[in-house]
file coords-v5.txt (compact mmCIF, C-alpha atoms and all ligand atoms)
# COMPACT_ATOMS: atom_id res chain seq x y z
CA MET Q 96 -21.54 10.63 -33.98
CA ASN Q 97 -23.48 13.54 -35.48
CA SER Q 98 -25.16 15.49 -32.74
CA VAL Q 99 -25.77 18.92 -31.33
CA TYR Q 100 -24.34 17.72 -28.02
CA GLN Q 101 -23.41 20.63 -25.74
CA GLU Q 102 -20.07 20.20 -24.00
CA PRO Q 103 -20.18 20.78 -20.24
CA THR Q 104 -18.73 24.15 -19.39
CA LEU Q 105 -16.42 23.53 -16.40
CA ASN Q 106 -12.95 25.01 -16.57
CA PHE Q 107 -10.27 22.31 -16.48
CA SER Q 108 -7.32 24.47 -17.55
CA ARG Q 109 -5.07 23.64 -14.55
CA SER Q 110 -5.90 19.94 -14.91
CA GLN Q 111 -4.93 20.12 -18.59
CA GLN Q 112 -1.70 21.93 -17.81
CA LEU Q 113 -0.73 19.38 -15.13
CA MET Q 114 -1.70 16.59 -17.48
CA ALA Q 115 0.95 17.72 -19.97
CA GLU Q 116 3.56 17.70 -17.17
CA GLY Q 117 2.35 14.34 -15.85
CA ARG Q 118 2.62 12.74 -19.28
CA GLU Q 119 6.22 13.96 -19.42
CA LEU Q 120 7.30 12.82 -15.96
CA VAL Q 121 5.08 10.08 -14.56
CA ALA Q 122 5.57 6.70 -16.21
CA GLY Q 123 2.19 5.41 -17.34
CA PHE Q 124 0.78 8.76 -16.18
CA THR Q 125 -1.26 7.55 -13.18
CA GLN Q 126 -0.50 5.19 -10.31
CA SER Q 127 -3.68 3.21 -10.87
CA MET Q 128 -5.11 2.21 -14.25
CA MET Q 129 -8.53 3.18 -12.95
CA LYS Q 130 -7.49 6.83 -12.49
CA LYS Q 131 -6.45 7.36 -16.12
CA PRO Q 132 -8.36 10.21 -17.80
CA GLU Q 133 -9.45 7.74 -20.50
CA GLN Q 134 -11.48 5.92 -17.82
CA PHE Q 135 -13.84 8.90 -17.50
CA ALA Q 136 -14.52 11.50 -20.22
CA LEU Q 137 -11.40 12.97 -21.82
CA GLY Q 138 -11.42 16.76 -21.74
CA ARG Q 139 -14.77 16.88 -19.96
CA PHE Q 140 -13.79 15.55 -16.56
CA PRO Q 141 -11.23 16.74 -14.00
CA VAL Q 142 -7.86 14.98 -14.17
CA TYR Q 143 -6.27 16.14 -10.89
CA LEU Q 144 -7.93 16.65 -7.52
CA GLN Q 145 -6.59 19.05 -4.93
CA SER Q 146 -8.37 18.30 -1.66
CA GLY Q 147 -11.37 16.73 0.01
CA GLN Q 148 -13.63 17.25 2.99
CA GLY Q 149 -16.21 14.66 4.01
CA ALA Q 150 -17.86 13.34 0.85
CA GLU Q 151 -16.85 16.34 -1.25
CA VAL Q 152 -13.70 17.00 -3.25
CA THR Q 153 -12.23 20.00 -5.04
CA ASP Q 154 -10.23 19.71 -8.26
CA VAL Q 155 -7.12 21.72 -9.09
CA ASP Q 156 -9.28 24.27 -10.97
CA GLY Q 157 -11.43 24.90 -7.90
CA ASN Q 158 -14.51 22.94 -9.11
CA ARG Q 159 -16.30 21.08 -6.29
CA TYR Q 160 -17.99 17.69 -6.50
CA ILE Q 161 -19.82 15.09 -4.44
CA ASP Q 162 -17.36 12.21 -4.71
CA TYR Q 163 -18.61 8.70 -5.40
CA ILE Q 164 -15.20 7.37 -6.47
CA CYS Q 165 -13.97 7.60 -2.88
CA GLY Q 166 -10.30 6.93 -3.63
CA LEU Q 167 -11.36 3.80 -5.59
CA GLY Q 168 -13.23 2.60 -2.52
CA ALA Q 169 -10.54 3.33 0.08
CA ASN Q 170 -12.26 6.38 1.61
CA ALA Q 171 -14.97 4.53 3.48
CA LEU Q 172 -15.23 7.37 6.03
CA GLY Q 173 -14.79 10.19 3.52
CA HIS Q 174 -12.07 12.82 3.93
CA ASN Q 175 -10.77 14.27 7.16
CA HIS Q 176 -13.10 12.18 9.34
CA PRO Q 177 -12.47 12.92 13.05
CA ALA Q 178 -11.59 9.25 13.68
CA VAL Q 179 -8.97 9.37 10.93
CA VAL Q 180 -7.49 12.66 12.09
CA LYS Q 181 -7.34 11.39 15.68
CA ALA Q 182 -5.75 8.04 14.81
CA ILE Q 183 -3.02 9.73 12.77
CA THR Q 184 -2.28 12.69 15.03
CA ASP Q 185 -2.44 10.71 18.29
CA ASN Q 186 0.08 8.19 17.01
CA LEU Q 187 2.38 10.15 14.73
CA ALA Q 188 4.78 11.11 17.50
CA LYS Q 189 5.56 7.42 18.22
CA GLY Q 190 7.12 7.05 14.80
CA ILE Q 191 5.88 5.55 11.55
CA ILE Q 192 7.73 2.27 11.26
CA HIS Q 193 10.10 0.60 13.69
CA SER Q 194 12.93 -1.90 13.54
CA LEU Q 195 11.03 -4.62 15.42
CA PRO Q 196 7.32 -5.49 15.58
CA THR Q 197 5.06 -3.09 17.50
CA PRO Q 198 2.03 -3.91 19.69
CA VAL Q 199 -0.47 -2.41 17.23
CA GLU Q 200 0.13 -5.44 14.96
CA ILE Q 201 -1.57 -7.51 17.66
CA THR Q 202 -4.33 -4.97 18.34
CA ALA Q 203 -5.20 -4.72 14.64
CA ALA Q 204 -5.15 -8.52 14.19
CA ARG Q 205 -7.43 -8.88 17.23
CA ALA Q 206 -9.86 -6.28 15.88
CA LEU Q 207 -10.10 -8.26 12.62
CA THR Q 208 -10.63 -11.59 14.37
CA GLU Q 209 -13.51 -9.97 16.26
CA ILE Q 210 -15.47 -8.95 13.15
CA ILE Q 211 -14.41 -11.16 10.24
CA PRO Q 212 -16.26 -14.49 10.48
CA GLY Q 213 -13.92 -17.44 10.95
CA ALA Q 214 -10.82 -15.26 11.29
CA GLU Q 215 -8.44 -16.51 13.97
CA GLN Q 216 -5.28 -14.90 12.64
CA ALA Q 217 -4.44 -11.96 10.39
CA ARG Q 218 -1.36 -10.97 8.42
CA PHE Q 219 -0.80 -7.47 7.07
CA PHE Q 220 0.41 -6.18 3.72
CA LYS Q 221 0.05 -2.93 1.81
CA THR Q 222 -2.07 -3.62 -1.28
CA GLY Q 223 -4.93 -5.86 -2.33
CA ALA Q 224 -2.66 -7.57 -4.86
CA ASP Q 225 -0.10 -8.31 -2.09
CA ALA Q 226 -2.71 -9.91 0.13
CA ASN Q 227 -4.08 -12.01 -2.73
CA SER Q 228 -0.60 -13.18 -3.72
CA ALA Q 229 0.12 -14.24 -0.13
CA ALA Q 230 -3.21 -16.10 0.04
CA VAL Q 231 -2.49 -17.88 -3.25
CA ARG Q 232 1.01 -18.89 -2.12
CA LEU Q 233 -0.44 -20.19 1.13
CA ALA Q 234 -3.12 -22.15 -0.74
CA ARG Q 235 -0.51 -23.74 -3.02
CA PHE Q 236 1.62 -24.71 -0.06
CA ILE Q 237 -1.28 -26.15 1.95
CA THR Q 238 -2.89 -28.11 -0.88
CA GLY Q 239 0.32 -29.10 -2.70
CA LYS Q 240 -1.44 -28.08 -5.93
CA GLU Q 241 -0.50 -25.26 -8.32
CA LYS Q 242 -3.36 -23.99 -10.46
CA ILE Q 243 -5.88 -21.33 -9.48
CA ILE Q 244 -9.20 -20.05 -10.80
CA THR Q 245 -9.79 -16.32 -10.51
CA VAL Q 246 -13.11 -14.49 -10.74
CA GLY Q 247 -13.10 -10.71 -11.13
CA TYR Q 248 -10.17 -8.34 -10.71
CA ASN Q 249 -7.66 -9.38 -8.06
CA GLY Q 250 -4.72 -7.04 -8.72
CA TRP Q 251 -1.90 -6.46 -11.18
CA HIS Q 252 0.43 -9.33 -10.18
CA ASP Q 253 1.35 -12.01 -12.70
CA HIS Q 254 -1.07 -14.70 -11.49
CA TYR Q 255 -4.11 -12.50 -12.15
CA MET Q 256 -3.02 -10.31 -15.10
CA PHE Q 257 -1.46 -13.32 -16.79
CA ASP Q 258 -2.58 -12.34 -20.30
CA THR Q 259 -0.99 -8.88 -20.50
CA PRO Q 260 2.38 -7.84 -22.00
CA GLY Q 261 5.43 -8.47 -19.83
CA VAL Q 262 4.14 -11.65 -18.16
CA PRO Q 263 5.87 -14.95 -19.11
CA GLU Q 264 3.57 -17.06 -21.25
CA MET Q 265 3.97 -20.08 -18.98
CA ILE Q 266 2.12 -18.24 -16.16
CA GLN Q 267 -1.08 -18.67 -18.18
CA ARG Q 268 -0.91 -22.40 -17.49
CA TYR Q 269 -1.53 -21.78 -13.83
CA THR Q 270 -4.55 -19.46 -13.87
CA THR Q 271 -8.00 -19.73 -15.41
CA ARG Q 272 -10.09 -16.58 -15.27
CA MET Q 273 -13.82 -17.25 -15.15
CA PRO Q 274 -16.68 -14.75 -15.49
CA LEU Q 275 -19.69 -14.60 -13.19
CA PHE Q 276 -21.55 -11.74 -14.82
CA THR Q 277 -24.73 -13.74 -15.53
CA PRO Q 278 -26.47 -16.71 -13.88
CA GLN Q 279 -25.45 -18.72 -16.96
CA ASP Q 280 -21.79 -18.33 -15.91
CA GLU Q 281 -22.35 -20.23 -12.66
CA GLN Q 282 -22.59 -23.80 -13.96
CA PRO Q 283 -19.37 -23.62 -16.05
CA LEU Q 284 -17.48 -22.44 -12.97
CA LEU Q 285 -18.77 -25.34 -10.87
CA GLU Q 286 -17.95 -27.74 -13.69
CA LEU Q 287 -14.41 -26.42 -14.00
CA VAL Q 288 -13.76 -26.94 -10.28
CA SER Q 289 -15.13 -30.49 -10.58
CA LYS Q 290 -12.99 -31.19 -13.63
CA GLU Q 291 -9.67 -29.65 -12.57
CA TYR Q 292 -9.67 -30.08 -8.81
CA GLU Q 293 -6.69 -32.42 -8.82
CA GLN Q 294 -4.49 -29.51 -9.95
CA LEU Q 295 -6.47 -26.70 -8.29
CA ALA Q 296 -5.04 -25.04 -5.19
CA ALA Q 297 -7.67 -22.34 -4.86
CA ILE Q 298 -10.47 -20.34 -6.31
CA LEU Q 299 -10.01 -16.61 -5.74
CA LEU Q 300 -13.42 -14.99 -5.94
CA SER Q 301 -14.18 -11.31 -6.02
CA VAL Q 302 -17.91 -11.01 -6.55
CA PRO Q 303 -19.26 -9.29 -9.69
CA TYR Q 304 -20.84 -5.88 -9.10
CA ASN Q 305 -23.43 -5.93 -11.88
CA ARG Q 306 -25.69 -8.35 -9.99
CA THR Q 307 -26.01 -9.84 -6.53
CA LEU Q 308 -24.99 -13.49 -6.31
CA THR Q 309 -27.34 -15.73 -4.33
CA PRO Q 310 -26.25 -17.24 -0.99
CA GLU Q 311 -27.25 -20.63 -2.47
CA PHE Q 312 -24.77 -20.36 -5.33
CA VAL Q 313 -21.94 -19.00 -3.17
CA ASN Q 314 -22.44 -21.84 -0.69
CA GLN Q 315 -22.68 -24.42 -3.46
CA LEU Q 316 -19.32 -23.24 -4.80
CA ARG Q 317 -17.84 -23.17 -1.33
CA ASN Q 318 -19.05 -26.70 -0.52
CA LEU Q 319 -17.73 -28.03 -3.80
CA CYS Q 320 -14.31 -26.52 -3.02
CA LYS Q 321 -14.37 -28.18 0.40
CA GLU Q 322 -15.28 -31.54 -1.08
CA LYS Q 323 -12.49 -31.28 -3.68
CA ASP Q 324 -9.76 -29.95 -1.35
CA VAL Q 325 -9.63 -26.60 -3.17
CA LEU Q 326 -9.23 -23.55 -0.93
CA PHE Q 327 -12.04 -21.02 -1.23
CA ILE Q 328 -10.49 -17.56 -1.02
CA LEU Q 329 -12.85 -14.58 -0.90
CA ASP Q 330 -11.24 -11.45 -2.28
CA GLU Q 331 -13.01 -8.87 -0.12
CA VAL Q 332 -10.78 -5.98 -1.11
CA VAL Q 333 -13.94 -4.12 -2.23
CA THR Q 334 -16.76 -5.93 -0.39
CA GLY Q 335 -15.03 -5.97 3.02
CA PHE Q 336 -16.54 -3.42 5.44
CA ARG Q 337 -19.25 -2.69 2.87
CA LEU Q 338 -21.74 -5.52 2.29
CA ALA Q 339 -21.84 -6.14 6.05
CA LEU Q 340 -19.54 -5.56 9.02
CA GLY Q 341 -18.25 -9.10 8.47
CA GLY Q 342 -18.15 -8.55 4.68
CA ALA Q 343 -19.39 -10.93 2.00
CA GLN Q 344 -19.09 -13.92 4.34
CA GLU Q 345 -21.73 -12.40 6.62
CA TYR Q 346 -23.83 -11.12 3.70
CA PHE Q 347 -24.00 -14.55 2.00
CA ASN Q 348 -23.80 -16.55 5.21
CA VAL Q 349 -20.81 -18.42 3.84
CA ARG Q 350 -17.40 -19.26 5.34
CA ALA Q 351 -14.30 -18.88 3.20
CA ASP Q 352 -10.99 -20.60 3.95
CA LEU Q 353 -9.11 -17.33 3.54
CA VAL Q 354 -10.31 -13.75 3.18
CA THR Q 355 -8.31 -10.88 1.72
CA LEU Q 356 -9.08 -7.28 2.67
CA SER Q 357 -7.87 -3.80 1.73
CA LYS Q 358 -9.56 -0.53 0.57
CA GLY Q 359 -11.85 0.14 3.58
CA LEU Q 360 -9.56 -1.77 5.96
CA ALA Q 361 -7.81 1.39 7.13
CA ALA Q 362 -10.19 4.08 5.78
CA GLY Q 363 -7.74 5.47 3.23
CA MET Q 364 -4.41 4.49 4.77
CA PRO Q 365 -2.50 1.88 2.73
CA LEU Q 366 -3.13 -1.51 4.30
CA SER Q 367 -4.27 -4.98 3.30
CA ALA Q 368 -4.66 -8.25 5.16
CA VAL Q 369 -5.18 -11.97 4.82
CA THR Q 370 -7.35 -13.59 7.49
CA GLY Q 371 -8.53 -17.12 8.14
CA ARG Q 372 -8.54 -20.05 10.49
CA ARG Q 373 -5.41 -20.55 12.61
CA GLU Q 374 -4.92 -24.04 11.20
CA LEU Q 375 -4.40 -22.51 7.72
CA MET Q 376 -2.96 -19.10 8.53
CA SER Q 377 -0.27 -20.48 10.86
CA GLN Q 378 1.29 -22.22 7.84
CA MET Q 379 2.33 -18.77 6.61
CA GLU Q 380 5.29 -19.08 8.98
CA LYS Q 381 6.80 -21.74 6.73
CA LEU Q 382 6.72 -19.47 3.67
CA GLN Q 383 8.87 -16.62 2.40
CA VAL Q 384 6.15 -14.01 2.75
CA SER Q 385 7.61 -10.71 3.88
CA THR Q 386 7.35 -6.99 3.24
CA THR Q 387 9.13 -4.00 4.82
CA PHE Q 388 6.10 -1.76 5.23
CA GLY Q 389 3.65 -4.41 6.45
CA GLY Q 390 4.17 -3.24 10.04
CA GLU Q 391 3.81 0.49 9.33
CA MET Q 392 2.05 1.73 12.41
CA LEU Q 393 -0.17 4.61 11.31
CA SER Q 394 -2.09 2.37 8.92
CA LEU Q 395 -2.49 -0.30 11.60
CA GLU Q 396 -3.65 2.30 14.15
CA MET Q 397 -6.07 3.58 11.52
CA CYS Q 398 -7.32 0.03 10.96
CA VAL Q 399 -8.16 -0.32 14.66
CA ALA Q 400 -9.88 3.09 14.73
CA ALA Q 401 -11.77 2.45 11.47
CA ILE Q 402 -13.09 -0.90 12.70
CA ASP Q 403 -14.24 0.77 15.90
CA GLU Q 404 -16.03 3.42 13.84
CA TYR Q 405 -17.62 0.78 11.56
CA ARG Q 406 -18.83 -1.14 14.61
CA THR Q 407 -20.28 1.73 16.58
CA SER Q 408 -21.56 4.38 14.17
CA GLY Q 409 -24.26 2.60 12.16
CA TYR Q 410 -21.94 2.95 9.12
CA ILE Q 411 -23.04 -0.26 7.36
CA GLN Q 412 -26.75 0.61 7.60
CA HIS Q 413 -25.99 4.19 6.53
CA ILE Q 414 -24.14 3.30 3.32
CA ALA Q 415 -26.72 0.63 2.41
CA GLU Q 416 -29.66 2.99 3.02
CA LEU Q 417 -28.15 5.87 1.04
CA GLY Q 418 -27.13 3.48 -1.72
CA ARG Q 419 -30.71 2.22 -1.92
CA GLN Q 420 -32.04 5.78 -2.11
CA LEU Q 421 -29.55 6.58 -4.87
CA LYS Q 422 -30.43 3.46 -6.87
CA ASN Q 423 -34.19 3.93 -6.52
CA GLY Q 424 -34.05 7.65 -7.25
CA VAL Q 425 -31.81 7.41 -10.34
CA ASN Q 426 -33.66 4.35 -11.65
CA SER Q 427 -37.03 6.07 -11.45
CA VAL Q 428 -35.69 9.23 -13.16
CA ALA Q 429 -34.08 7.12 -15.90
CA ALA Q 430 -37.31 5.14 -16.41
CA GLU Q 431 -39.46 8.29 -16.42
CA LEU Q 432 -37.24 9.83 -19.11
CA GLY Q 433 -37.18 6.56 -21.07
CA THR Q 434 -33.38 6.31 -21.00
CA PRO Q 435 -31.52 2.98 -20.77
CA LEU Q 436 -29.64 3.71 -17.50
CA THR Q 437 -30.12 1.31 -14.58
CA VAL Q 438 -28.28 1.38 -11.28
CA VAL Q 439 -27.65 -2.23 -10.27
CA GLY Q 440 -25.68 -4.37 -7.82
CA TYR Q 441 -25.13 -4.08 -4.07
CA ASP Q 442 -26.66 -1.00 -2.42
CA ALA Q 443 -23.42 0.33 -0.95
CA ILE Q 444 -21.53 -0.30 -4.24
CA PRO Q 445 -23.97 0.95 -6.89
CA MET Q 446 -23.08 0.22 -10.50
CA PHE Q 447 -24.33 2.54 -13.25
CA LEU Q 448 -25.15 0.48 -16.30
CA PHE Q 449 -26.40 1.69 -19.70
CA SER Q 450 -25.96 -1.60 -21.54
CA ARG Q 451 -24.57 -5.07 -20.92
CA ASN Q 452 -22.64 -4.64 -24.16
CA PRO Q 453 -19.37 -2.92 -23.03
CA GLN Q 454 -18.92 -0.72 -26.16
CA GLU Q 455 -22.56 0.33 -26.08
CA HIS Q 456 -22.27 1.07 -22.36
CA VAL Q 457 -19.24 3.35 -22.78
CA LYS Q 458 -20.98 5.30 -25.57
CA PHE Q 459 -23.48 6.52 -22.96
CA ALA Q 460 -21.46 6.29 -19.75
CA GLU Q 461 -18.75 8.64 -21.03
CA PRO Q 462 -21.04 11.62 -21.77
CA PHE Q 463 -23.03 10.76 -18.64
CA VAL Q 464 -20.05 11.12 -16.27
CA ALA Q 465 -19.11 14.35 -18.08
CA GLU Q 466 -22.64 15.72 -17.63
CA MET Q 467 -22.67 14.62 -13.98
CA ALA Q 468 -19.29 16.29 -13.34
CA ALA Q 469 -20.69 19.49 -14.87
CA ARG Q 470 -23.47 19.21 -12.26
CA GLY Q 471 -21.08 18.69 -9.36
CA VAL Q 472 -21.06 14.89 -9.10
CA LEU Q 473 -17.92 12.78 -9.56
CA LEU Q 474 -18.78 9.27 -10.76
CA ARG Q 475 -16.93 6.35 -12.28
CA ARG Q 476 -18.40 4.89 -15.47
CA ASP Q 477 -19.46 1.72 -13.65
CA VAL Q 478 -18.92 0.91 -9.94
CA ASN Q 479 -19.24 3.69 -7.36
CA PHE Q 480 -19.05 3.91 -3.58
CA ILE Q 481 -21.04 5.44 -0.75
CA SER Q 482 -19.07 6.56 2.32
CA SER Q 483 -20.10 7.37 5.86
CA ALA Q 484 -19.71 11.06 4.96
CA HIS Q 485 -22.44 11.03 2.28
CA THR Q 486 -25.76 12.47 3.40
CA GLU Q 487 -29.35 12.37 2.14
CA ALA Q 488 -28.78 15.87 0.76
CA HIS Q 489 -25.93 14.51 -1.39
CA ILE Q 490 -28.20 11.78 -2.70
CA VAL Q 491 -31.01 14.22 -3.50
CA HIS Q 492 -28.53 16.45 -5.36
CA THR Q 493 -27.18 13.44 -7.26
CA ILE Q 494 -30.64 12.29 -8.36
CA GLN Q 495 -31.41 15.81 -9.59
CA ALA Q 496 -28.07 15.90 -11.38
CA ALA Q 497 -28.88 12.56 -13.05
CA ARG Q 498 -32.18 14.02 -14.28
CA GLY Q 499 -30.29 17.00 -15.74
CA ALA Q 500 -27.54 14.84 -17.23
CA LEU Q 501 -29.88 12.32 -18.86
CA SER Q 502 -32.17 15.10 -20.16
CA ALA Q 503 -29.17 16.90 -21.69
CA MET Q 504 -28.04 13.68 -23.36
CA GLN Q 505 -31.56 13.12 -24.60
CA ARG Q 506 -31.85 16.65 -26.00
CA ALA Q 507 -28.57 16.07 -27.81
CA GLY Q 508 -30.05 12.99 -29.46
CA LEU Q 509 -27.60 10.58 -27.83
CA PHE Q 510 -30.30 8.02 -27.08
CA ALA Q 511 -32.07 8.30 -30.43
CA ALA Q 512 -30.16 5.49 -32.17
CA GLN Q 513 -30.58 3.25 -29.13
CA ALA Q 514 -34.33 3.96 -28.97
CA ALA Q 515 -34.64 3.05 -32.65
CA GLN Q 516 -32.77 -0.21 -32.02
CA VAL Q 517 -35.03 -1.07 -29.09
CA ALA Q 518 -38.08 -0.30 -31.24
CA ALA Q 519 -36.64 -2.66 -33.85
CA GLY Q 520 -36.24 -5.38 -31.20
CA ALA Q 521 -32.44 -5.37 -30.74
CA THR Q 522 -30.94 -5.93 -27.29
CA VAL Q 523 -28.53 -3.35 -25.96
C1 LIG N 601 -11.58 -6.92 -5.83
C2 LIG N 601 -10.18 -6.39 -5.89
N1 LIG N 601 -9.18 -7.18 -5.51
C3 LIG N 601 -7.90 -6.74 -5.53
C4 LIG N 601 -7.60 -5.47 -5.96
C5 LIG N 601 -6.18 -5.03 -5.99
O1 LIG N 601 -5.94 -4.11 -4.97
P1 LIG N 601 -4.68 -3.14 -5.08
O2 LIG N 601 -4.96 -2.18 -6.19
O3 LIG N 601 -4.62 -2.47 -3.74
O4 LIG N 601 -3.48 -3.99 -5.34
C6 LIG N 601 -8.62 -4.61 -6.36
C7 LIG N 601 -8.32 -3.24 -6.80
O5 LIG N 601 -9.15 -2.48 -7.19
C8 LIG N 601 -9.94 -5.08 -6.34
O6 LIG N 601 -10.97 -4.31 -6.73
call {"tool": "encode", "arguments": {"input": "coords-v5.txt", "output": "structure tokens"}}
result
Amino acid sequence: MNSVYQEPTLNFSRSQQLMAEGRELVAGFTQSMMKKPEQFALGRFPVYLQSGQGAEVTDVDGNRYIDYICGLGANALGHNHPAVVKAITDNLAKGIIHSLPTPVEITAARALTEIIPGAEQARFFKTGADANSAAVRLARFITGKEKIITVGYNGWHDHYMFDTPGVPEMIQRYTTRMPLFTPQDEQPLLELVSKEYEQLAAILLSVPYNRTLTPEFVNQLRNLCKEKDVLFILDEVVTGFRLALGGAQEYFNVRADLVTLSKGLAAGMPLSAVTGRRELMSQMEKLQVSTTFGGEMLSLEMCVAAIDEYRTSGYIQHIAELGRQLKNGVNSVAAELGTPLTVVGYDAIPMFLFSRNPQEHVKFAEPFVAEMAARGVLLRRDVNFISSAHTEAHIVHTIQAARGALSAMQRAGLFAAQAAQVAAGATV
């Protein structure tokens, strides 16, 4: 692209140096695909972070940012929250993991049954993918059927990432991935459940973030599953402890058969869970579902403390209110400047969208996150998170930064081609 685009001027020299070492020593370079430098703006975005406090983080070069990536959604309470520090320090001396179960497994399960609608039992794992795999195995066992439908990202395990290298081709027979990005995607999903229900064990739904589904549709899907003996599993790895205290079930007033949780479950400590009715969950006992670190105590203690904090601090209202302010503020700046950015989706999980065409979106989102980083704001190119540690001052700064970032992109002519297309009637 020919432009007079000014590169942001932050110093990333330590990040670059570490990046060379990381490429040499760390297989695949990052532990999560979503942390790869290519996911942001190569050379114009920090690669390594050093530390965090509240909603702010510092990179290895000493640059500071308001963080909306929040550990990919795990840091629901921000960094170094007193409840986190207390839960870890108060319990560390007891040990980290023991040779037999410990009482906190019961306390944490009870805390979940108290806030997750319909939950009568819980079972703990370490990652979102683990919890989803356990829920799928349980669904197959209970229904005696083998196929699943997935919606959205559910983790890296074979059932979900069935069409990537290294996965046996036959796995594809068992999973159908369906989109829900537009209202037009809804009918085909309902039709597929109606058509394939005799082989379908479950639908594993993680809601799209680019729009809010309606309670009517979610309940229609749920009721169809019930009628056809297909388990309705809500993947609430992201939406849990965000859309409402009781998650997407409460938000949509719907009841899933099984719910999977992670990310905010233990406010940054590695933990995931499957919850559901006793009648279903108790069948887990008949399965080979087992993991060494599932009973690790600090994460379970943190889960109990985090749920207490979510219940008592006004956290859910706080993240929704700040998310709304962020969406409204950035949307009105973007509209005033005549740029194609819109912030969409659920208030607490705002998605920054330049175009519904993925290639077109990245063309703008990449320089945008670079310009925002240069103005002290760390954003992903699409879905972002608000934590309890964000304040109105952070939101005001971020809206001002968006004005600066979009204006800089405009001055550099980045939107000129798009504006010409719009004038000519093309959709972007
Ligand atoms: C909706 C959803 N489900 C499942 C997962 C997988 O979680 P994990 O990366 O902990 O395995 C993710 C990860 O981002 C997710 O967003």
call {"tool": "closest_residue", "arguments": {"input": "coords-v5.txt", "among": "Q:Gly138, Q:Gly250, Q:Gly261, Q:Gly371", "to": "ligand LIG 601 (chain N)", "atoms": "only C-alpha atoms and all ligand atoms"}}
result
Q:Gly250
call {"tool": "closest_atom_pairs", "arguments": {"input": "coords-v5.txt", "of": "segment 162-261 of chain Q", "to": "segment 406-417 of chain Q", "cutoff": "10 Å", "atoms": "all atoms listed in the file", "output": "tab-separated table"}}
result
residue	atom	partner	partner_atom	distance
Q:Ala171	CA	Q:Tyr410	CA	9.1
Q:Leu172	CA	Q:Tyr410	CA	8.6
Q:Ile210	CA	Q:Arg406	CA	8.6
call {"tool": "residues_near_point", "arguments": {"input": "coords-v5.txt", "point": "(4.6, -1.8, 14.9)", "cutoff": "10 Å", "atoms": "all atoms listed in the file", "output": "tab-separated table (two decimals) with C-alpha atoms, in the frame of the given file"}}
result
chain	number	residue	atom	x	y	z
Q	189	LYS	CA	5.56	7.42	18.22
Q	190	GLY	CA	7.12	7.05	14.80
Q	191	ILE	CA	5.88	5.55	11.55
Q	192	ILE	CA	7.73	2.27	11.26
Q	193	HIS	CA	10.10	0.60	13.69
Q	194	SER	CA	12.93	-1.90	13.54
Q	195	LEU	CA	11.03	-4.62	15.42
Q	196	PRO	CA	7.32	-5.49	15.58
Q	197	THR	CA	5.06	-3.09	17.50
Q	198	PRO	CA	2.03	-3.91	19.69
Q	199	VAL	CA	-0.47	-2.41	17.23
Q	200	GLU	CA	0.13	-5.44	14.96
Q	201	ILE	CA	-1.57	-7.51	17.66
Q	388	PHE	CA	6.10	-1.76	5.23
Q	389	GLY	CA	3.65	-4.41	6.45
Q	390	GLY	CA	4.17	-3.24	10.04
Q	391	GLU	CA	3.81	0.49	9.33
Q	392	MET	CA	2.05	1.73	12.41
Q	393	LEU	CA	-0.17	4.61	11.31
Q	394	SER	CA	-2.09	2.37	8.92
Q	395	LEU	CA	-2.49	-0.30	11.60
Q	396	GLU	CA	-3.65	2.30	14.15
call {"tool": "atom_distance", "arguments": {"input": "coords-v5.txt", "atom1": "atom CA of Phe480 of chain Q", "atom2": "atom CA of Gln112 of chain Q"}}
result
28.8 Å
call {"tool": "closest_residue", "arguments": {"input": "coords-v5.txt", "among": "Q:Ala234, Q:Ala351, Q:Ala497, Q:Ile444", "to": "ligand LIG 601 (chain N)", "atoms": "only C-alpha atoms and all ligand atoms"}}
result
Q:Ile444
call {"tool": "residues_around", "arguments": {"input": "coords-v5.txt", "residues": "Leu356 of chain Q", "least_positions_apart": "3", "cutoff": "12 Å", "atoms": "only C-alpha atoms", "output": "ChimeraX atom specification"}}
result
/Q:168-169,207,211,214,217-227,229-230,249,301,328-337,341-343,353,359-362,365-371,398
call {"tool": "closest_residue", "arguments": {"input": "coords-v5.txt", "among": "Q:Arg109, Q:Arg205, Q:Ser357, Q:Phe257", "to": "ligand LIG 601 (chain N)", "atoms": "only C-alpha atoms and all ligand atoms"}}
result
Q:Ser357
call {"tool": "residues_around", "arguments": {"input": "coords-v5.txt", "residues": "Phe449 of chain Q", "least_positions_apart": "4", "cutoff": "7 Å", "atoms": "all atoms listed in the file", "output": "list in words"}}
result
Pro435, Leu436, Thr437, His456, Phe459 and Ala460 of chain Q
call {"tool": "atom_distance", "arguments": {"input": "coords-v5.txt", "atom1": "atom CA of Ala469 of chain Q", "atom2": "atom CA of Glu119 of chain Q"}}
result
27.8 Å
